[in-house]
Each structure stands twice: as structure tokens, then as C-alpha cells.
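Data file: structure_32.pdb. Format and content: PDB, C-alpha atoms and all ligand atoms.
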```
MODEL        1
ATOM      1  CA  MET X   1    -109.477 -94.292  86.316
ATOM      2  CA  LYS X   2    -110.997 -94.761  82.873
ATOM      3  CA  THR X   3    -109.550 -93.053  79.806
ATOM      4  CA  TYR X   4    -111.741 -91.851  76.961
ATOM      5  CA  ILE X   5    -111.060 -90.317  73.575
ATOM      6  CA  LEU X   6    -113.459 -87.731  72.209
ATOM      7  CA  LYS X   7    -113.298 -86.826  68.527
ATOM      8  CA  ILE X   8    -114.876 -83.485  67.751
ATOM      9  CA  GLY X   9    -115.736 -83.596  64.056
ATOM     10  CA  GLY X  10    -114.623 -80.624  62.018
ATOM     11  CA  SER X  11    -118.069 -80.747  60.447
ATOM     12  CA  SER X  12    -119.652 -79.773  63.761
ATOM     13  CA  VAL X  13    -117.504 -76.761  64.663
ATOM     14  CA  THR X  14    -116.665 -75.133  61.315
ATOM     15  CA  GLU X  15    -118.542 -73.881  58.273
ATOM     16  CA  LYS X  16    -117.971 -77.187  56.486
ATOM     17  CA  ASP X  17    -121.187 -77.098  54.461
ATOM     18  CA  ALA X  18    -120.271 -73.636  53.101
ATOM     19  CA  ASN X  19    -116.602 -74.701  52.801
ATOM     20  CA  GLU X  20    -115.495 -71.511  54.600
ATOM     21  CA  ARG X  21    -112.418 -71.471  56.805
ATOM     22  CA  GLU X  22    -114.338 -70.296  59.839
ATOM     23  CA  ALA X  23    -114.500 -71.775  63.341
ATOM     24  CA  ARG X  24    -117.705 -71.620  65.368
ATOM     25  CA  ALA X  25    -116.208 -70.721  68.739
ATOM     26  CA  ASP X  26    -119.633 -70.717  70.428
ATOM     27  CA  ASP X  27    -120.210 -74.328  69.464
ATOM     28  CA  ILE X  28    -116.733 -75.273  70.686
ATOM     29  CA  ARG X  29    -117.497 -73.437  73.953
ATOM     30  CA  GLY X  30    -120.722 -75.420  74.368
ATOM     31  CA  ILE X  31    -118.822 -78.705  73.990
ATOM     32  CA  ALA X  32    -116.023 -77.554  76.329
ATOM     33  CA  LYS X  33    -118.570 -76.644  79.022
ATOM     34  CA  GLU X  34    -120.159 -80.082  78.731
ATOM     35  CA  ILE X  35    -116.725 -81.694  79.161
ATOM     36  CA  LYS X  36    -116.211 -79.537  82.237
ATOM     37  CA  ASN X  37    -119.595 -80.549  83.709
ATOM     38  CA  ALA X  38    -119.026 -84.223  82.972
ATOM     39  CA  LYS X  39    -115.592 -84.063  84.615
ATOM     40  CA  LYS X  40    -117.151 -82.626  87.755
ATOM     41  CA  LYS X  41    -119.666 -85.461  87.978
ATOM     42  CA  ALA X  42    -117.637 -88.446  86.771
ATOM     43  CA  GLY X  43    -113.949 -89.199  87.026
ATOM     44  CA  PHE X  44    -112.182 -89.933  83.754
ATOM     45  CA  ARG X  45    -109.111 -89.025  81.791
ATOM     46  CA  LEU X  46    -109.695 -87.520  78.398
ATOM     47  CA  ILE X  47    -107.895 -87.073  75.108
ATOM     48  CA  VAL X  48    -109.526 -84.821  72.527
ATOM     49  CA  VAL X  49    -108.935 -85.088  68.789
ATOM     50  CA  HIS X  50    -110.535 -82.463  66.590
ATOM     51  CA  GLY X  51    -111.179 -82.674  62.896
ATOM     52  CA  ALA X  52    -110.337 -80.178  60.215
ATOM     53  CA  GLY X  53    -113.399 -79.040  58.354
ATOM     54  CA  PRO X  54    -112.364 -76.510  55.674
ATOM     55  CA  PHE X  55    -109.227 -75.590  57.713
ATOM     56  CA  GLY X  56    -107.678 -78.772  56.336
ATOM     57  CA  HIS X  57    -109.780 -80.317  53.597
ATOM     58  CA  LYS X  58    -110.132 -77.078  51.595
ATOM     59  CA  LEU X  59    -106.401 -76.316  51.493
ATOM     60  CA  VAL X  60    -105.428 -79.896  50.631
ATOM     61  CA  LYS X  61    -107.887 -79.787  47.738
ATOM     62  CA  ASP X  62    -106.969 -76.280  46.531
ATOM     63  CA  TYR X  63    -103.237 -77.093  46.526
ATOM     64  CA  GLY X  64    -103.915 -80.570  45.061
ATOM     65  CA  ILE X  65    -101.663 -82.291  47.598
ATOM     66  CA  ASN X  66    -103.701 -85.336  48.566
ATOM     67  CA  ASP X  67    -101.528 -87.521  46.307
ATOM     68  CA  GLY X  68     -98.165 -86.352  47.506
ATOM     69  CA  VAL X  69     -95.999 -83.338  48.135
ATOM     70  CA  ARG X  70     -93.229 -82.838  45.598
ATOM     71  CA  GLY X  71     -92.709 -79.421  43.989
ATOM     72  CA  VAL X  72     -92.252 -76.001  45.537
ATOM     73  CA  ARG X  73     -95.966 -75.218  45.465
ATOM     74  CA  ASP X  74     -96.866 -78.558  47.048
ATOM     75  CA  ILE X  75     -94.431 -77.856  49.844
ATOM     76  CA  GLU X  76     -96.055 -74.480  50.383
ATOM     77  CA  GLY X  77     -99.434 -76.258  50.518
ATOM     78  CA  PHE X  78     -98.139 -78.755  53.083
ATOM     79  CA  VAL X  79     -96.857 -75.993  55.355
ATOM     80  CA  ARG X  80     -99.950 -73.819  54.876
ATOM     81  CA  THR X  81    -102.277 -76.726  55.675
ATOM     82  CA  HIS X  82    -100.409 -77.382  58.906
ATOM     83  CA  ASN X  83    -100.447 -73.631  59.712
ATOM     84  CA  SER X  84    -104.174 -73.546  59.052
ATOM     85  CA  MET X  85    -104.829 -76.495  61.369
ATOM     86  CA  GLU X  86    -102.918 -74.667  64.066
ATOM     87  CA  ASP X  87    -105.241 -71.683  63.535
ATOM     88  CA  LEU X  88    -108.222 -73.919  64.242
ATOM     89  CA  ASN X  89    -106.429 -75.598  67.156
ATOM     90  CA  LYS X  90    -105.758 -72.153  68.648
ATOM     91  CA  VAL X  91    -109.501 -71.492  68.792
ATOM     92  CA  PHE X  92    -109.938 -74.762  70.705
ATOM     93  CA  MET X  93    -107.075 -73.892  73.057
ATOM     94  CA  ASP X  94    -108.451 -70.427  73.792
ATOM     95  CA  VAL X  95    -111.961 -71.691  74.431
ATOM     96  CA  PHE X  96    -110.769 -74.582  76.645
ATOM     97  CA  ARG X  97    -108.702 -72.127  78.703
ATOM     98  CA  GLU X  98    -111.644 -69.719  78.999
ATOM     99  CA  VAL X  99    -113.846 -72.526  80.304
ATOM    100  CA  GLY X 100    -111.177 -73.592  82.803
ATOM    101  CA  LEU X 101    -110.058 -76.833  81.172
ATOM    102  CA  LEU X 102    -106.362 -77.788  80.959
ATOM    103  CA  GLY X 103    -106.160 -78.421  77.219
ATOM    104  CA  PHE X 104    -102.629 -79.281  76.090
ATOM    105  CA  PRO X 105    -101.959 -79.109  72.342
ATOM    106  CA  ILE X 106     -99.985 -81.938  70.725
ATOM    107  CA  GLN X 107     -98.886 -81.353  67.139
ATOM    108  CA  PRO X 108     -99.427 -84.536  65.124
ATOM    109  CA  SER X 109     -96.865 -83.304  62.576
ATOM    110  CA  ALA X 110     -94.231 -83.362  65.325
ATOM    111  CA  CYS X 111     -94.870 -86.906  66.530
ATOM    112  CA  ILE X 112     -96.323 -88.897  63.599
ATOM    113  CA  VAL X 113     -94.679 -90.253  60.440
ATOM    114  CA  GLN X 114     -96.685 -92.024  57.733
ATOM    115  CA  ASP X 115     -95.897 -94.257  54.794
ATOM    116  CA  ASN X 116     -98.364 -94.106  51.909
ATOM    117  CA  ARG X 117    -100.968 -92.394  54.150
ATOM    118  CA  ARG X 118    -100.647 -94.917  56.974
ATOM    119  CA  ILE X 119     -99.221 -94.122  60.379
ATOM    120  CA  THR X 120     -95.894 -95.944  60.745
ATOM    121  CA  SER X 121     -94.603 -94.210  63.836
ATOM    122  CA  PHE X 122     -96.381 -92.230  66.493
ATOM    123  CA  ASP X 123     -94.539 -91.262  69.656
ATOM    124  CA  THR X 124     -97.286 -91.309  72.262
ATOM    125  CA  GLY X 125     -94.938 -91.220  75.261
ATOM    126  CA  ILE X 126     -95.578 -87.564  76.017
ATOM    127  CA  ILE X 127     -99.359 -88.081  75.932
ATOM    128  CA  ASP X 128     -98.978 -90.927  78.426
ATOM    129  CA  ARG X 129     -96.843 -88.784  80.697
ATOM    130  CA  LEU X 130     -99.257 -85.860  80.574
ATOM    131  CA  LEU X 131    -102.160 -88.115  81.559
ATOM    132  CA  GLU X 132    -100.065 -89.635  84.336
ATOM    133  CA  MET X 133     -99.119 -86.186  85.610
ATOM    134  CA  SER X 134    -102.746 -85.162  86.090
ATOM    135  CA  ASN X 135    -106.204 -86.492  85.313
ATOM    136  CA  ASP X 136    -107.148 -82.926  84.445
ATOM    137  CA  ILE X 137    -104.718 -82.433  81.582
ATOM    138  CA  ILE X 138    -106.510 -82.956  78.267
ATOM    139  CA  PRO X 139    -104.094 -83.622  75.399
ATOM    140  CA  ILE X 140    -105.623 -82.181  72.233
ATOM    141  CA  LEU X 141    -104.614 -83.489  68.810
ATOM    142  CA  TYR X 142    -106.085 -82.830  65.381
ATOM    143  CA  GLY X 143    -106.128 -83.911  61.766
ATOM    144  CA  ASP X 144    -102.901 -82.649  60.224
ATOM    145  CA  MET X 145    -100.368 -83.075  57.418
ATOM    146  CA  VAL X 146     -97.301 -85.064  58.393
ATOM    147  CA  ILE X 147     -94.075 -86.367  56.842
ATOM    148  CA  ASP X 148     -94.740 -89.410  54.637
ATOM    149  CA  GLU X 149     -91.930 -91.803  53.596
ATOM    150  CA  SER X 150     -93.426 -92.418  50.129
ATOM    151  CA  LEU X 151     -95.409 -89.249  49.412
ATOM    152  CA  GLY X 152     -93.281 -86.533  50.965
ATOM    153  CA  ALA X 153     -96.147 -85.554  53.209
ATOM    154  CA  SER X 154     -99.728 -86.745  53.601
ATOM    155  CA  VAL X 155    -102.917 -86.093  55.504
ATOM    156  CA  VAL X 156    -103.447 -87.881  58.783
ATOM    157  CA  SER X 157    -107.115 -87.553  59.613
ATOM    158  CA  GLY X 158    -108.446 -87.215  63.137
ATOM    159  CA  ASP X 159    -110.369 -90.401  62.315
ATOM    160  CA  ALA X 160    -107.033 -92.223  61.857
ATOM    161  CA  ILE X 161    -105.390 -90.745  64.948
ATOM    162  CA  VAL X 162    -108.307 -91.806  67.174
ATOM    163  CA  PRO X 163    -108.189 -95.600  66.598
ATOM    164  CA  TYR X 164    -104.390 -95.652  66.636
ATOM    165  CA  LEU X 165    -104.253 -93.871  69.994
ATOM    166  CA  ALA X 166    -107.154 -95.871  71.390
ATOM    167  CA  ARG X 167    -105.361 -99.131  70.704
ATOM    168  CA  LYS X 168    -101.925 -98.005  71.773
ATOM    169  CA  LEU X 169    -103.089 -96.398  75.019
ATOM    170  CA  LYS X 170    -105.733 -99.097  75.640
ATOM    171  CA  VAL X 171    -108.491 -96.578  76.262
ATOM    172  CA  ASP X 172    -111.841 -97.649  77.661
ATOM    173  CA  LYS X 173    -114.166 -95.910  75.220
ATOM    174  CA  VAL X 174    -114.110 -93.875  72.019
ATOM    175  CA  LEU X 175    -116.691 -91.166  71.355
ATOM    176  CA  MET X 176    -116.878 -89.735  67.857
ATOM    177  CA  GLY X 177    -118.892 -86.560  67.600
ATOM    178  CA  THR X 178    -120.086 -85.442  64.203
ATOM    179  CA  ASP X 179    -122.879 -83.312  62.699
ATOM    180  CA  VAL X 180    -125.451 -86.092  62.193
ATOM    181  CA  ASP X 181    -127.017 -88.545  64.679
ATOM    182  CA  GLY X 182    -124.796 -91.481  63.691
ATOM    183  CA  ILE X 183    -124.497 -93.768  60.699
ATOM    184  CA  PHE X 184    -127.603 -94.043  58.565
ATOM    185  CA  SER X 185    -128.735 -96.346  55.784
ATOM    186  CA  ALA X 186    -127.947 -93.414  53.427
ATOM    187  CA  ASP X 187    -126.600 -89.864  53.844
ATOM    188  CA  PRO X 188    -129.252 -88.226  56.067
ATOM    189  CA  LYS X 189    -128.426 -84.803  54.641
ATOM    190  CA  THR X 190    -129.685 -85.795  51.215
ATOM    191  CA  ASN X 191    -132.060 -88.682  52.057
ATOM    192  CA  PRO X 192    -134.882 -87.765  54.432
ATOM    193  CA  ASP X 193    -135.898 -91.437  54.629
ATOM    194  CA  ALA X 194    -132.475 -92.593  55.804
ATOM    195  CA  LYS X 195    -132.643 -94.774  58.922
ATOM    196  CA  LEU X 196    -130.244 -94.678  61.840
ATOM    197  CA  ILE X 197    -128.180 -97.852  62.232
ATOM    198  CA  GLU X 198    -128.022 -98.280  65.997
ATOM    199  CA  THR X 199    -125.368-100.966  66.189
ATOM    200  CA  ILE X 200    -122.608-102.186  63.947
ATOM    201  CA  GLY X 201    -120.937-105.510  64.631
ATOM    202  CA  PRO X 202    -119.236-108.250  62.621
ATOM    203  CA  GLY X 203    -122.630-109.330  61.223
ATOM    204  CA  ASN X 204    -123.550-106.111  59.418
ATOM    205  CA  LEU X 205    -120.241-104.262  58.910
ATOM    206  CA  SER X 206    -119.853-105.041  55.208
ATOM    207  CA  THR X 207    -123.468-104.165  54.323
ATOM    208  CA  VAL X 208    -123.114-100.861  56.184
ATOM    209  CA  LEU X 209    -119.907-100.026  54.326
ATOM    210  CA  GLU X 210    -121.695-100.575  51.008
ATOM    211  CA  LYS X 211    -124.417 -98.106  51.983
ATOM    212  CA  VAL X 212    -122.316 -95.327  53.417
ATOM    213  CA  SER X 213    -121.057 -92.843  50.899
ATOM    214  CA  GLU X 214    -118.339 -90.268  51.135
ATOM    215  CA  ALA X 215    -119.373 -86.895  52.550
ATOM    216  CA  VAL X 216    -121.176 -84.393  50.327
ATOM    217  CA  THR X 217    -118.857 -81.705  51.659
ATOM    218  CA  VAL X 218    -115.187 -81.405  50.757
ATOM    219  CA  ASP X 219    -113.586 -84.164  52.805
ATOM    220  CA  VAL X 220    -110.288 -85.526  51.562
ATOM    221  CA  THR X 221    -110.419 -88.416  54.022
ATOM    222  CA  GLN X 222    -113.640 -89.906  52.601
ATOM    223  CA  GLY X 223    -116.054 -88.582  55.188
ATOM    224  CA  MET X 224    -118.221 -91.077  57.012
ATOM    225  CA  LYS X 225    -117.002 -93.998  54.943
ATOM    226  CA  GLY X 226    -113.365 -93.259  55.791
ATOM    227  CA  LYS X 227    -114.342 -93.018  59.431
ATOM    228  CA  ILE X 228    -115.938 -96.476  59.555
ATOM    229  CA  MET X 229    -113.098 -98.026  57.558
ATOM    230  CA  LYS X 230    -110.506 -96.686  59.990
ATOM    231  CA  ILE X 231    -112.504 -97.920  62.974
ATOM    232  CA  ALA X 232    -113.022-101.354  61.424
ATOM    233  CA  GLU X 233    -109.354-101.618  60.518
ATOM    234  CA  SER X 234    -107.892-101.044  63.926
ATOM    235  CA  LEU X 235    -110.443-100.731  66.703
ATOM    236  CA  GLN X 236    -111.117-104.224  67.906
ATOM    237  CA  GLY X 237    -112.429-104.769  71.403
ATOM    238  CA  ILE X 238    -113.069-101.111  72.185
ATOM    239  CA  GLU X 239    -116.560 -99.647  72.272
ATOM    240  CA  VAL X 240    -117.131 -96.783  69.835
ATOM    241  CA  LEU X 241    -120.094 -94.412  69.768
ATOM    242  CA  ILE X 242    -120.727 -92.150  66.784
ATOM    243  CA  PHE X 243    -123.108 -89.406  67.890
ATOM    244  CA  ASN X 244    -124.335 -85.911  67.126
ATOM    245  CA  ILE X 245    -122.079 -83.534  69.031
ATOM    246  CA  LYS X 246    -124.145 -80.539  67.919
ATOM    247  CA  LYS X 247    -127.071 -81.612  70.103
ATOM    248  CA  LYS X 248    -126.995 -80.064  73.552
ATOM    249  CA  GLY X 249    -126.326 -82.528  76.361
ATOM    250  CA  ASN X 250    -124.987 -85.313  74.149
ATOM    251  CA  THR X 251    -121.306 -84.775  74.961
ATOM    252  CA  GLU X 252    -121.874 -84.612  78.712
ATOM    253  CA  ASN X 253    -124.160 -87.656  78.678
ATOM    254  CA  ALA X 254    -121.802 -89.696  76.500
ATOM    255  CA  LEU X 255    -118.872 -88.914  78.812
ATOM    256  CA  ARG X 256    -120.997 -89.842  81.853
ATOM    257  CA  ASP X 257    -122.051 -93.162  80.311
ATOM    258  CA  LEU X 258    -125.674 -92.039  80.086
ATOM    259  CA  LYS X 259    -127.851 -92.963  77.144
ATOM    260  CA  VAL X 260    -127.165 -91.058  73.928
ATOM    261  CA  LYS X 261    -128.716 -91.628  70.531
ATOM    262  CA  GLY X 262    -126.148 -92.766  67.994
ATOM    263  CA  THR X 263    -124.414 -95.708  66.353
ATOM    264  CA  ARG X 264    -122.538 -98.131  68.605
ATOM    265  CA  ILE X 265    -119.733-100.095  67.021
ATOM    266  CA  MET X 266    -118.271-103.123  68.730
ATOM    267  CA  LEU X 267    -115.981-105.411  66.800
ATOM    268  CA  PRO X 268    -114.264-108.392  68.409
TER     269      PRO X 268
HETATM  270  N1  LIG R 301    -124.723 -93.193  55.605
HETATM  271  C1  LIG R 301    -124.356 -92.058  56.198
HETATM  272  N2  LIG R 301    -124.667 -91.847  57.510
HETATM  273  C2  LIG R 301    -124.301 -90.706  58.129
HETATM  274  N3  LIG R 301    -123.625 -89.696  57.521
HETATM  275  C3  LIG R 301    -123.295 -89.847  56.228
HETATM  276  C4  LIG R 301    -123.626 -91.027  55.512
HETATM  277  N4  LIG R 301    -123.158 -90.898  54.262
HETATM  278  C5  LIG R 301    -122.565 -89.708  54.184
HETATM  279  N5  LIG R 301    -122.639 -89.044  55.358
HETATM  280  C6  LIG R 301    -122.123 -87.692  55.605
HETATM  281  O1  LIG R 301    -120.965 -87.768  56.422
HETATM  282  C7  LIG R 301    -120.844 -86.524  57.084
HETATM  283  C8  LIG R 301    -119.920 -86.671  58.258
HETATM  284  O2  LIG R 301    -118.619 -86.927  57.801
HETATM  285  P1  LIG R 301    -117.547 -85.772  57.749
HETATM  286  O3  LIG R 301    -116.231 -86.372  57.432
HETATM  287  O4  LIG R 301    -118.024 -84.631  56.906
HETATM  288  O5  LIG R 301    -117.589 -85.231  59.269
HETATM  289  P2  LIG R 301    -116.491 -85.183  60.393
HETATM  290  O6  LIG R 301    -115.613 -86.368  60.343
HETATM  291  O7  LIG R 301    -117.306 -84.930  61.601
HETATM  292  O8  LIG R 301    -115.674 -83.870  60.027
HETATM  293  P3  LIG R 301    -114.084 -83.733  59.774
HETATM  294  O9  LIG R 301    -113.704 -84.747  58.755
HETATM  295  O10 LIG R 301    -113.898 -82.348  59.264
HETATM  296  O11 LIG R 301    -113.503 -83.972  61.114
HETATM  297  C9  LIG R 301    -122.252 -86.168  57.486
HETATM  298  O12 LIG R 301    -122.396 -84.764  57.579
HETATM  299  C10 LIG R 301    -123.094 -86.778  56.360
HETATM  300  O13 LIG R 301    -123.557 -85.793  55.461
HETATM  301 MG    MG R 302    -114.288 -86.558  58.240
ENDMDL
END
```

Represent the structure contained in this file as C-alpha cells.
Ligand SMILES: Nc1ncnc2c1ncn2[C@@H]1O[C@H](COP(=O)(O)OP(=O)(O)OP(=O)(O)O)[C@@H](O)[C@H]1O
Ligand SMILES: [Mg+2]
Amino acid sequence: MKTYILKIGGSSVTEKDANEREARADDIRGIAKEIKNAKKKAGFRLIVVHGAGPFGHKLVKDYGINDGVRGVRDIEGFVRTHNSMEDLNKVFMDVFREVGLLGFPIQPSACIVQDNRRITSFDTGIIDRLLEMSNDIIPILYGDMVIDESLGASVVSGDAIVPYLARKLKVDKVLMGTDVDGIFSADPKTNPDAKLIETIGPGNLSTVLEKVSEAVTVDVTQGMKGKIMKIAESLQGIEVLIFNIKKKGNTENALRDLKVKGTRIMLP
């Protein structure tokens, strides 16, 4: 049975543009129903990783803890950011349960350690066991703040968790849902003439990276640019699709291997 990872971008299920700590449960429900439908029609195992939107990025910025956690107030910020991500995760858990999916939350802060913002240890044994126990269990992870050997604590983005897990668990496909149709020649939110880049491979990776800017919204993990850099760094040999998860049908079609508009990345 094939194993897929689906990243649900924080941008697509929160008020990221308005920078408000609010989850759009209806949008999460729509995605959960599409997962349910796809599971009925095609057999696959699934791991979900959701992003943070303002539930993470806003707190990290307000507390000023993207460069390390040292004093009393930083420590409060670290704990509050984790608490806040659990608030968002709870919305996912409730909606998945409502729809009849067996979502199983995994706290990144309890199984990941970083050094200078890079994952140095990640105990994925439990995730493996859950998937072995049943094809219907969907481990759900999220961007979080975790212990960091050099910085006290640091942000681990969903975009970093996805490639790490994909490589370690040798998954068959990675789907990254966000709030735009893929990677464009410029930020499509501010450039109406921006063109969709349909494929990224070794030949055009560096030119694409030059064109892609950080997100216009508050994103402490460098938005779209950070996403591509993480993929390029550690996702060799696994097909990645960046697509618009806000468009109805896209999630189901992507999970069923049907055609979906987006950017395909394949690096040897
Ligand atoms: N060249 C580009 N192509 C596509 N999007 C771009 C580009 N440059 C900047 N962006 C911006 O990147 C944003 C997506 O990145 P962002 O990190 O905000 O989303 P996300 O990863 O889905 O959310 P989160 O980080 O909360 O999980 C888009 O909304 C878009 O405005
Ligand atoms: Mg992001």
C-alpha cells in the first residue's frame, strides 16, 4: 500500500492574510471530506502535517523568539506558541472525528529536537507503528516550537517536518497544499502577470529560487521560498506536488493520482 504525506498550509485554513488567530473550520471540514472520499476510492496510507498560520507565526513574531529562547519572557513565548498550535490542532482533530476519519495527533515538540533550527533527532517509531496498526489511522503533525540544542527552542515548520518524514519513512508522494495554485514566476498575490511554473527539476531550481520571494504575510519560516529550500535540501527522488488546497476537488484528485493544476517538483 502506498503512503502519502499531505501538508495543509496554515495559509489555507486560517486568517493568515488578516493575521488573526482564527481557524476556518469549514475549510478544514471540506478538506477532511475530500480525504474521506479519496480513501473510499483509492487505498493509501496518509500522514497529515498542518501549518501554523497566525497560530504560530504571529506569536513567534510578537514574542521575538525566532532567534532563540533565553529569558523568562522568551520561555513564556515558547510555551504559548506550542499551546497555540495545539489550539489549532484541536480544531483539526475535532473536524476529522466529525467526518469519521481516525486522525491521531503527534506533538512535534515531544518527538523532535533541533540544533540551530535543524532537526537533529526525530523519533518516528510511533508514526510507523500507527500506520502498521491500521491503514485508516492518520497521524497528524504540525509546525511547532521544539527544544533546540543551540537556541533553547526554535520553530520547526511543517515544511521542514514533511521532507524529513518523507525521506525517513520512504513515502511514495508528497502533496503540499497552500493558498495559491503552485509556484509562480513572482508572488501571484501581488503580481497579476505572474506565471505558474509547472515543473521544477535540477535544470531550473536555482532560477526559480531567485524569483520566489518570502510570503507577504507574517511567516517566520520564509513562506514559499523556505518551502522550496526545504524540499530541495532533503527531498530527492520523491515526487512533490504544490497545489491549491482551497480549490474544491483538488485534495481528492491529488490523493487519487488524478490531474491537478500545480507545480511538480522532482529532483534526482
Ligand atoms: N513566486 C511565488 N509563487 C507562489 N507563491 C508565492 C511566491 N512568492 C511568494 N508567495 C507567497 O507564498 C504564500 C504561501 O506561503 P505561506 O508560507 O504563506 O503558506 P503556507 O506554507 O501554506 O502556510 P503556513 O506557513 O502557515 O503553513 C502565498 O500565499 C504567496 O502569497
Ligand atoms: Mg509557510

Please list as a PyMOL selection string every residue within 9 Å of X:Leu151, counting only C-alpha atoms and excluding residues in the same chain fewer than 4 positions away. chain X and resi 67-70+114-117+147

Give me, as a list in words, the set of residues whose atoms come within 7 Å of any atom of ligand MG 302 (chain R), counting only C-alpha atoms and all ligand atoms. Gly9, Gly51, Asp159, Asp219, Thr221, Gln222, Gly223, Met224 and Lys227 of chain X

Leaving out X:Lys261 and any residue of its chain fewer than 5 positions from it, which residues lie within 8 Å of it when counting only C-alpha atoms, given as a count of residues only? 4

When distances are computed from all atoms listed in the file, which of X:Ala166, X:Leu46, X:Ile200, X:Met176 shows the smallest separation from X:Ile137? X:Leu46

Expected selection as a PyMOL selection string for ligand LIG 301 (chain R) within 7 Å, all atoms listed in the file: chain X and resi 8-12+50-53+158-159+177-180+182-189+211-217+219+221-225+227

Can you turn the PyMOL selection byres (((chain X and resi 170) around 12) and not hetatm) into a concrete residue list for this file, as a list in words?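 Applying the PyMOL selection byres (((chain X and resi 170) around 12) and not hetatm) to the structure shown produces Lys2, Thr3, Tyr4, Ile5, Thr124, Asp128, Val162, Pro163, Tyr164, Leu165, Ala166, Arg167, Lys168, Leu169, Val171, Asp172, Lys173, Val174, Leu235, Gln236, Gly237, Ile238 and Glu239 of chain X.
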
Using all atoms listed in the file, can you tell me which of X:Arg45, X:Lys61, X:Arg21, X:Arg129 comes closest to X:Leu88?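 Ranking X:Arg45, X:Lys61, X:Arg21, X:Arg129 by distance to X:Leu88, first place goes to X:Arg21.
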
Go through X:Ser157, X:Thr120, X:Asn66, X:Asn253 one by one, measure the shortest atom-to-atom distance of each to X:Ala38 using only C-alpha atoms, and give the residue with the smallest value. X:Asn253

For X:Val99, please output as a list of chain:residue names all residues within 12 Å (counting only C-alpha atoms; exclusion window: fewer than 6 positions along the same chain).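 Listing them by chain and then by number gives X:Ala25, X:Asp26, X:Ile28, X:Arg29, X:Gly30, X:Ile31, X:Ala32, X:Lys33, X:Glu34, X:Ile35, X:Lys36, X:Asn37, X:Phe92, X:Met93.
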
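The space separating atom CA of X:Lys259 from atom CA of X:Leu241 comes to 10.8 Å.
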